[in-house]
Structure formats: C-alpha cells, structure tokens
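Asks: Provided herewith is a single structure, encoded as structure tokens, for subsequent inquiry.
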Amino acid sequence: MKRWLKMMKDLTIRPYEKKVRKAPKLPVDEKWDQPLSGQEIHKELSKSSDIIFREFSIRAKKEIPCLLGVVDGLIDKHLLDEYLLHVIMIDLVNDPDFQDITIDNVHDFLIKLLTPMNEIKKISLMGEAFDAILSGDAVLFIGETQEALVIGARGWQSRGVTEPEAESSIRGPKEGFNETLRTNTSLLRRKIKHPSLRLVSMKIGDLTKTDVVIAYVEKLARPSVVSEVLKRLGRIKTDAIVSGDILEEFIEDFPYSPFPQIFHTERPDTVASDLLEGRVAIIVDGTPTVLIVPVTLTSFMQVNEDYYERALIVILTRFVRYSGALISTVAPSLYIAVTTFHQELLPTSLALSIAAGREGVPFPALIEALVMLMTLEILQEAGLRLPKPIGQTIGIVGAIVIGDAAVKAGLVSPIMVIVIGLTAVSSYAIPSYDLAIAIRLMRFPLMILAGTMGFYGVGIGFYAGLIHLLNLRSFGVPYLSPIAPLRIRALLQDTFVRSPWWAMKKRPKLLDTDPNSGGKR
Amino acid sequence: MERLSTHQFLVLSAAVLLGTTYLSVGSLIGEAGRDGWMIIFPAFIWAVPFGLMILSLMAKYPGKDLIKISERVVGKGLSKGIGIIYIILVTYYGSLLAGLEVDIFNRTVLPLMPRFVFLLGGGFLTFYLFYSGIEVLGRFAEVVFPIVTVGLILMIIFIIPRFEEGELFPILANGIQPVLSSSGKIVHFSAEYILFLAGLLPFLPNKASDIKNLKQKLYIAVSIVIILNTLIVLIQILTFGPFETTRMSFGLLALGKMIEISRTLSGVESIFNLFWLGGSTIKVASYFFAVMWAMKSVFGFKSRKWSFLLGFISYIIIQYVARGLEISTELGFVGRYFLVPFTVLWVLMIWGVDKWKNRSQNG
C-alpha cells in the first residue's frame, strides 16, 4: 500500500529541489573535479568513435609533446587546420622566440600566438576539459602539465534562418529562430542593440548539459520575475532536457491547468517585443521556439501582425478572433441546451426547421454532438501526424464524405454538422495552438453540463472555468489581467483593441514595469 | 495577506449591494404604486452613511474587522455577543437567499429538475470561490458585474417597444408618504451590504489616500446600484403597470419571456439567467466569506474545514426551512425586523462610543 501511495505521489505531485530522473553514476563523474590529465581524458573519450585525438610535438629546445582533442562534426575543420594546427606546426617554428619555449611558458606563448582565434582560455580541471571537448571546442593538452588550452573552434551543420512555418505572416520580418543557441541570441541582439539587454546563461540536465539563456531588458523586466525565473530553472534537477518545451512543465505555476501559462514563439520580432514589454525570454539550445514569461490569457490572442497592420484593421481582426474563441467554446453546448431544454428560445419557424432536421436521428443531441466532435478530434489528430498531402486528403474525406454519409444515413442531423463545422472553423481563428487545445478540452465538460442541466449547467461550467482562470497566475502576474484585476490603460491600449502606435505613450501596467518608461514594442 | 484594490472594492460593493435585488425589487413597490421607481433611492442611499462610518473606523483600526473593532471599543464580552448574533443572522439570511436563487431557477428555467441539482451547482461555485480566496472573489466580481450590468441594460433596451407611457403619470399623485413607506420595506438590501462590509475591512487597502479613495468608490457603487434598480423598476411599471408589477414575484423574469430579437431569439429569459447566476453567486459567496471571517474573529476558527459545517447548516436551512414564496416572505421578515435593527444599532453604537471615547480622551 505504501508503495502504491508513493507511486501515486510521484505521479501527481511535482517535486521541488528533488531529482526527477537520476543519471547513471559513471566512474568518470568522480574525476570531474580532479586536476587535469591529458592521458586520462584520452583514455576516457577515445572509446567513442567521433572523438578524435591527435598527438604531435613542438620541437623547441626540448621536445614538448602535445595532444589535441576534438569531436568530429562539432568542429570547424577549416578553422582548426588554418588557424590552429598550421600556426602551431609551421608559424611557430619561424617565431624568433621559438627556442625560448619551455614546458613552463608554452601555454602563455601559445595564447599570445593564437590571438587570431576568437576564444582561447586556460583550464585546469578534468570536468572543464570534458565539457569543452563535448561542446565542440578544441582542447590542447601539453605534456604532463595539469593545464590545457581550450580553443573555440566550434562549427557544425545547422538549419538556416528561415521563415517559421507555424507563425508565418504577410507583413513584418520573415526570419525565425533555429536550433542553434548563438544564432538565436544574435537574432535577438540585432533587434535590441542596447546594453540593457541581458543574457544570462546556465546549463540544465546532468547528461545533456543543455545550454539555456535567460534574456531580459534591465529596468523593464520586474526584478522579482527575473529572479523567480532563475530560481525555478535553477531548481530543475533532471538528467535530460532535449527540448525547450520540456522546461515548460517544470517551471509553470499550475501544472494541472489545461491553459498554457508560458508563451512559445519562433519569431525574433515577437520575442523582442515581449522583452520590451518587460517579459523574460528563455532560449534553449537545440530548440527553435523561445519561451516567454509571464503571460496573460489575452497575450495568446495576439499575433505579431497586429502590430504591423493599422490599428483599425486590428480591431476587426481581434474581434473576429475573440468571437471565434467564444463560438468554438460554447457553440455545441448552447445548441445542446437549446434543443434539449430551452426550445422556447427559438421562434416557431426556426424550432420547426430544427425539429424537421432532427427527425429520425436516433440519438439525443448530446450523444450526437459528442460523436461528431470526437470524430473531428480524430480527424484533426490524424491529419496533424500524417505527411501533408495525405493529411489534407484525410481532412477532405473526413469532413465531406463521412459528414455527408452520416447525415444521409440519418445518424446525425444536418444542423449538427453545421454547428460542429462552425465550431471547428472558429477554433482555427485562435492564433495560439496551446490555447486552442485548452478550449477543445473545455468544450467536452461544457457539453455534458448542457446536456444534463441546460443553460444552468452551461452557466455553472462557464463560471467554474472563470474562477479557475482567475486563480491562475503566471510568474506572479494574474492570468486574466488586464481584465481582472482591471488595468484600464492596458485594456484599452492593447487587449481587445489596439491603439494606434502614436497613442501608446506609456507602457501598459500589465506587468508592473515602470509605466512612464515610454513607448511600447 | 490578501488585499483588494480600490477598484475591486467598488465592483464588489456594487455587486453585493445589487446582488439579485433587481429580480424581486419590483414586487416590493407596494403602496408606492406608479411612483415605485422612487423607493430605490431612499432605501439604498442608506448604505452610504453607514458605509462611511465603518470606513472611518477602519482608518483608526487598520487590519481589523468590525467584530474585532467592537472588541477594542466596547470590550470582549459584548463584542462576542454581537459576533454570535452576526453569525446566526448572516448564516440564516444568506442561506435563505441561496434558497431563493435555487427557487428562481427551479421555478422559471428548469421546473422538472430536482432542487438538489441547483444546490449542488450553486454550492460548488460558492465553495470554489471561498477556497480561491477573497482576491479571486474581487476579480470574479470585476468580470461578472459588468456582464450583469450589460444584461440589465440589454433587457431595458429590448423591452422599450413594450412600454406604455401612460402608466407612469401622474407622478407623486399620492404624495411622498407611500414612497417612503415602501422604501422602508426594502431598506434591508442596504443592511445586507453593510454586514458584508463589516467583515471585508481587513482586506481593504488602509493608507490614508486609499481610505479617501474607498469612500469615493462607495458613493459610486451605491449610485450605480440605485440607477440600475430604479431603471429596472421603472421598466416594469412602464410595461406591466404598477398593479401587475407588485403582483409578480419576479417581474424581470417575466420581462425576459416577452423579449423577441428580430424573429431569431424569443423568450431570452434562459439566456439572461446565465447572467443572473453570476450575480447570485457573488452574493451568496460574499455571505459565506462574511460568516467564515466572523467565526474566525469570534471563536478563532482558522481552519477552512469549518466551511463544511457552515455548508451543511446552510443546506438544512435551504432544504427544510422555507420554500417557494415563503422564502421571499421570510427574507423580508428577517431583513426588516432583525437585519436592519441589528446593523443600525451595531454600527451606530461602535461608531458613537468610539467618537465619545476619542472626545473624552482629547479632553
């Protein structure tokens, strides 16, 4: 019984300050803090075929043996040959001070000689050498000394800066993040050329040692939010972070809420805008999406193009999006409630036409709607995982063939097909996939409440959902802000409508940044 | 410690004061007849002086509710007695009010649904709000009160084609006496709010500038409620005439049934009930909070487990004490003969004794 309880606790309660998954204990871990030994490193790493060690010597007054360790595929071979090996083996010999080189001064001599290499530093611990080699740097061990040189010569194949597929836009920049951390930070730095943009690095994951960068703009981001982000990231104790999206579940405030509490984007312009609003970005090596905190519900209804279009147009597009979200949440449940409990709401002619459509349908409206929505969910899931052309075919087959056949067979009423179709189309108006999924999830309990208690049930479900949303916070910021707690300026400036750029004289007080700091985005 | 902003205080005050009074206030115009819309102002404005007295006491005793303030002003024994009466009165009255909401939904929207379903639904929302805390109740009011207000305004707009202007005139044909007499019968609506405010004090901002702001917000909240309720009574008189308005228990629901929107929706009563559900949830939850705060102040019950006992007692009252029209009668009786005298005596006594003590201390 105790074991079962412990297992249930493990599966349901998120631990803090406790290891989530332990990495296997290896003999090499014990050597991590020991003084450096080139031979030890060679012995440990040469078991892997992609790690290359090259031995050579510097023939000064006394011969100095050298050992160079690199990972094939992570190193820029051109840089290695031209600016490291060529310099050490050929240029060094022609140096006037060549004969003065001894085992004691060779490190300083090489640092001076290798100045053209942009990164070079001395290390003295085993762990530092392991980290450097496995991260793609070249490490030069000299003789039996307990010091080595780390030479930055990283270079590997990576995807170029392309337009993000999930967030394409008609207006605005077309560049998107890729899987390389430094490319991503440079894209950000190109947008905000100011020293107040801070990038703080850390490593997470005992085995993966994933590089994570926390970006924020000093004086705009609330210090308490920045320190909370660093604290939450710091207490993640797991063996592997293979994608930035995994971090989300570790650091979000309410892990059991269906609503997203962290925003993802692949667009540098969106991240830059959010940083300038006082938010904090988390960039993870190997992931093209950047995490943004804190967020509010309304931020999931905004897209980057809202800020490139004219304000009047944005009012219309946002109205369409919010209407879509509302329809996709409540349309099926309202239909069920009206046809099952509140027929008096419909004028006689409309009630008769609905009744005629439902004639011969053997199921109650609730079952009919549940079956149809379940079919829609299956079609969506199937279309998402299949290759694009087949996915499209599945969508057409599902929507037209199955829908039409179901109506003709008298299993489903035509008006139900319209309601479900409207629900599906409306849900595509929600710009955030995470929010759309949450709304999909909310739809089912609302439908069951509508089918059992009519509008009263819808009301109970709606208000329970509202209380849940009011309870949520993202890194201390209430999730329904600026609606509740009310922030008039933010509400009028950039929530359901967007003010013209010239009217955004002050930052919204949404995140409690200094509202007088001027400008927005 | 949870805190409400001054704006949340405004909205929560308006929401609690308005509660679901708009549903039944039409039937209480009594002898005022066609001047019934005038009874709202004298009945609700009463909340302002008593609210101001409580807020001025709060400035002097920050972080304490009125029971704790009573303890400082009139001593432990008397304040305990006041606290116990407060708990009994508010529990009973709040439970009756919850019973009235159950009755409204049961009688109008879903007559075949068993009562316990409504009890379960309302109870769930109340408990959820209680466990979420007063801050969430404040934010809930920030979202729901505008929805309720929009619902009332829409109803007023949609019913305009049904107005019969002749019903309103002549104004004050029978003098002011019937208006004042009828307004006395609904004055307990203000007392309900004052009792909630008495418990809310520790959660309000208490800097000098905030208290000035809170006093302004109190005026605004009362004004909003007066305007809305006056309009609601006015449209009922204009549509049904004064006699029918008095006869119907829930005139507003009858109005909802009469609305038709461009031959697309008719009898929108059920839809409007969604809005009224929000309003009633705030009101019932506010009583739940008030009793729990009082239990903490009087008996030191800090654990939230006591909320289940309170829930059980409320359930017994709702299920077995009064049903149907009896609830309205009982509410009126308790309100007029217990709630109002208790509120008036308590607030005036504490405020007066405190002033007197102050004066004697200052020589």
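Scheme for the structure tokens: letters A, B, ... for chains in order shown; per-chain residue numbers from 1; ligand numbers from 1 in order shown.
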Would you kindly return, as a PDB file with C-alpha atoms, in the first residue's frame, each protein, DNA or RNA residue with an atom no farther than 6 Å from any atom of stretch 217-229 of chain B, considering only C-alpha atoms and excluding same-chain residues fewer than 3 positions away?

Replies:
```pdb
ATOM      1  CA  LEU B  10     -16.021  49.367  -5.933  1.00  0.00           C
ATOM      2  CA  ALA B  14     -21.792  47.225  -6.259  1.00  0.00           C
ATOM      3  CA  LEU B  18     -27.079  44.811  -6.278  1.00  0.00           C
ATOM      4  CA  TYR B  22     -33.258  43.523  -9.392  1.00  0.00           C
ATOM      5  CA  PHE B  41     -33.047  55.956  -3.782  1.00  0.00           C
ATOM      6  CA  LEU B 214     -12.583  53.941  -0.853  1.00  0.00           C
ATOM      7  CA  ILE B 232     -35.454  48.069 -13.600  1.00  0.00           C
TER       8      ILE B 232
END
```

Asks: For stretch 181-193 of chain B, find every residue with an atom within 8 Å (counting only C-alpha atoms), except residues of its own chain fewer than 4 positions away, and show them as a PyMOL selection string.

Replies: chain B and resi 13+16-17+21+25+28-32+36+39-40+42-47+177+197+332+335-336+339-340+343

Asks: What does the file look like for those residues with C-alpha atoms, as a short mmCIF file (atom, residue, chain, number, x, y, z; two decimals), in the first residue's frame?

Replies:
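Once everything was written out, this is again-v8.cif:
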```cif
data_model
loop_
_atom_site.label_atom_id
_atom_site.label_comp_id
_atom_site.auth_asym_id
_atom_site.auth_seq_id
_atom_site.Cartn_x
_atom_site.Cartn_y
_atom_site.Cartn_z
CA SER B 13 -19.55 46.55 -3.29
CA VAL B 16 -23.03 42.61 -3.38
CA LEU B 17 -25.38 45.57 -2.99
CA THR B 21 -32.27 42.60 -5.84
CA VAL B 25 -37.42 44.61 -6.09
CA LEU B 28 -41.85 45.20 -3.31
CA ILE B 29 -43.00 48.62 -4.50
CA GLY B 30 -46.25 48.09 -2.57
CA GLU B 31 -48.30 51.18 -1.87
CA ALA B 32 -45.91 53.46 -3.79
CA GLY B 36 -42.43 52.73 -7.10
CA ILE B 39 -38.39 53.95 -3.50
CA ILE B 40 -34.94 52.76 -4.56
CA PRO B 42 -34.05 56.39 -0.12
CA ALA B 43 -33.64 52.65 0.52
CA PHE B 44 -30.19 52.28 -0.96
CA ILE B 45 -28.65 55.67 -0.14
CA TRP B 46 -28.83 54.48 3.43
CA ALA B 47 -25.75 52.36 2.71
CA GLN B 177 -45.55 59.19 2.21
CA LEU B 197 -18.51 45.34 4.56
CA GLY B 332 -38.42 40.28 4.11
CA GLY B 335 -34.44 41.61 6.87
CA ARG B 336 -36.85 44.19 8.24
CA LEU B 339 -31.07 42.57 9.99
CA VAL B 340 -31.82 46.28 9.81
CA THR B 343 -26.99 46.68 11.68
#
```

Asks: Residues of chain B within 7 Å of chain A, counting only C-alpha atoms - could you list those as a VMD selection string?

Replies: chain B and resid 121 125 129 132 136 139 to 140 142 to 143 263 to 268 270 274

Asks: Taking N, CA and C atoms for each residue, export the selection above as a PDB file, in the first residue's frame.

Replies:
```pdb
ATOM      1  N   GLY B 121     -24.924  22.736  -7.782  1.00  0.00           N
ATOM      2  CA  GLY B 121     -24.252  23.683  -8.683  1.00  0.00           C
ATOM      3  C   GLY B 121     -23.859  24.951  -7.954  1.00  0.00           C
ATOM      4  N   LEU B 125     -19.953  26.332  -6.832  1.00  0.00           N
ATOM      5  CA  LEU B 125     -19.360  27.634  -7.176  1.00  0.00           C
ATOM      6  C   LEU B 125     -18.981  28.416  -5.918  1.00  0.00           C
ATOM      7  N   LEU B 129     -15.192  29.466  -4.936  1.00  0.00           N
ATOM      8  CA  LEU B 129     -14.808  30.861  -4.705  1.00  0.00           C
ATOM      9  C   LEU B 129     -14.216  31.027  -3.313  1.00  0.00           C
ATOM     10  N   SER B 132     -10.827  29.760  -3.189  1.00  0.00           N
ATOM     11  CA  SER B 132      -9.898  30.564  -4.004  1.00  0.00           C
ATOM     12  C   SER B 132      -9.485  31.841  -3.289  1.00  0.00           C
ATOM     13  N   VAL B 136      -9.773  36.455  -5.370  1.00  0.00           N
ATOM     14  CA  VAL B 136     -10.428  35.882  -6.554  1.00  0.00           C
ATOM     15  C   VAL B 136     -11.888  36.322  -6.596  1.00  0.00           C
ATOM     16  N   ARG B 139     -11.864  39.673  -8.104  1.00  0.00           N
ATOM     17  CA  ARG B 139     -11.644  39.614  -9.563  1.00  0.00           C
ATOM     18  C   ARG B 139     -12.861  39.032 -10.270  1.00  0.00           C
ATOM     19  N   PHE B 140     -13.507  38.066  -9.603  1.00  0.00           N
ATOM     20  CA  PHE B 140     -14.722  37.466 -10.169  1.00  0.00           C
ATOM     21  C   PHE B 140     -15.778  38.555 -10.352  1.00  0.00           C
ATOM     22  N   GLU B 142     -15.163  41.671 -10.711  1.00  0.00           N
ATOM     23  CA  GLU B 142     -14.704  42.570 -11.776  1.00  0.00           C
ATOM     24  C   GLU B 142     -15.144  42.090 -13.160  1.00  0.00           C
ATOM     25  N   VAL B 143     -15.225  40.770 -13.315  1.00  0.00           N
ATOM     26  CA  VAL B 143     -15.636  40.221 -14.614  1.00  0.00           C
ATOM     27  C   VAL B 143     -17.158  40.125 -14.695  1.00  0.00           C
ATOM     28  N   ARG B 263     -36.997  38.156 -34.721  1.00  0.00           N
ATOM     29  CA  ARG B 263     -37.529  36.851 -35.119  1.00  0.00           C
ATOM     30  C   ARG B 263     -36.454  35.750 -35.130  1.00  0.00           C
ATOM     31  N   THR B 264     -35.399  35.932 -34.301  1.00  0.00           N
ATOM     32  CA  THR B 264     -34.325  34.924 -34.220  1.00  0.00           C
ATOM     33  C   THR B 264     -34.321  34.276 -32.843  1.00  0.00           C
ATOM     34  N   LEU B 265     -34.457  35.097 -31.835  1.00  0.00           N
ATOM     35  CA  LEU B 265     -34.499  34.578 -30.463  1.00  0.00           C
ATOM     36  C   LEU B 265     -35.735  35.131 -29.773  1.00  0.00           C
ATOM     37  N   SER B 266     -36.423  34.268 -29.059  1.00  0.00           N
ATOM     38  CA  SER B 266     -37.570  34.784 -28.308  1.00  0.00           C
ATOM     39  C   SER B 266     -37.491  34.222 -26.892  1.00  0.00           C
ATOM     40  N   GLY B 267     -38.087  34.939 -25.953  1.00  0.00           N
ATOM     41  CA  GLY B 267     -38.079  34.449 -24.574  1.00  0.00           C
ATOM     42  C   GLY B 267     -36.672  34.222 -24.071  1.00  0.00           C
ATOM     43  N   VAL B 268     -35.875  35.302 -24.062  1.00  0.00           N
ATOM     44  CA  VAL B 268     -34.450  35.150 -23.747  1.00  0.00           C
ATOM     45  C   VAL B 268     -34.191  35.011 -22.246  1.00  0.00           C
ATOM     46  N   SER B 270     -33.963  32.521 -20.383  1.00  0.00           N
ATOM     47  CA  SER B 270     -32.965  31.499 -20.025  1.00  0.00           C
ATOM     48  C   SER B 270     -31.551  32.014 -20.209  1.00  0.00           C
ATOM     49  N   LEU B 274     -28.305  33.124 -17.178  1.00  0.00           N
ATOM     50  CA  LEU B 274     -26.859  32.865 -17.080  1.00  0.00           C
ATOM     51  C   LEU B 274     -26.177  34.038 -16.385  1.00  0.00           C
TER      52      LEU B 274
END
```

Asks: Residues within 10 Å of A:Ile437, please, as an MDAnalysis selection string. Count only C-alpha atoms; anything in the same chain fewer than 3 positions from it doesn't count.

Replies: chainID A and resid 258:260 427 430 432:434 440:443
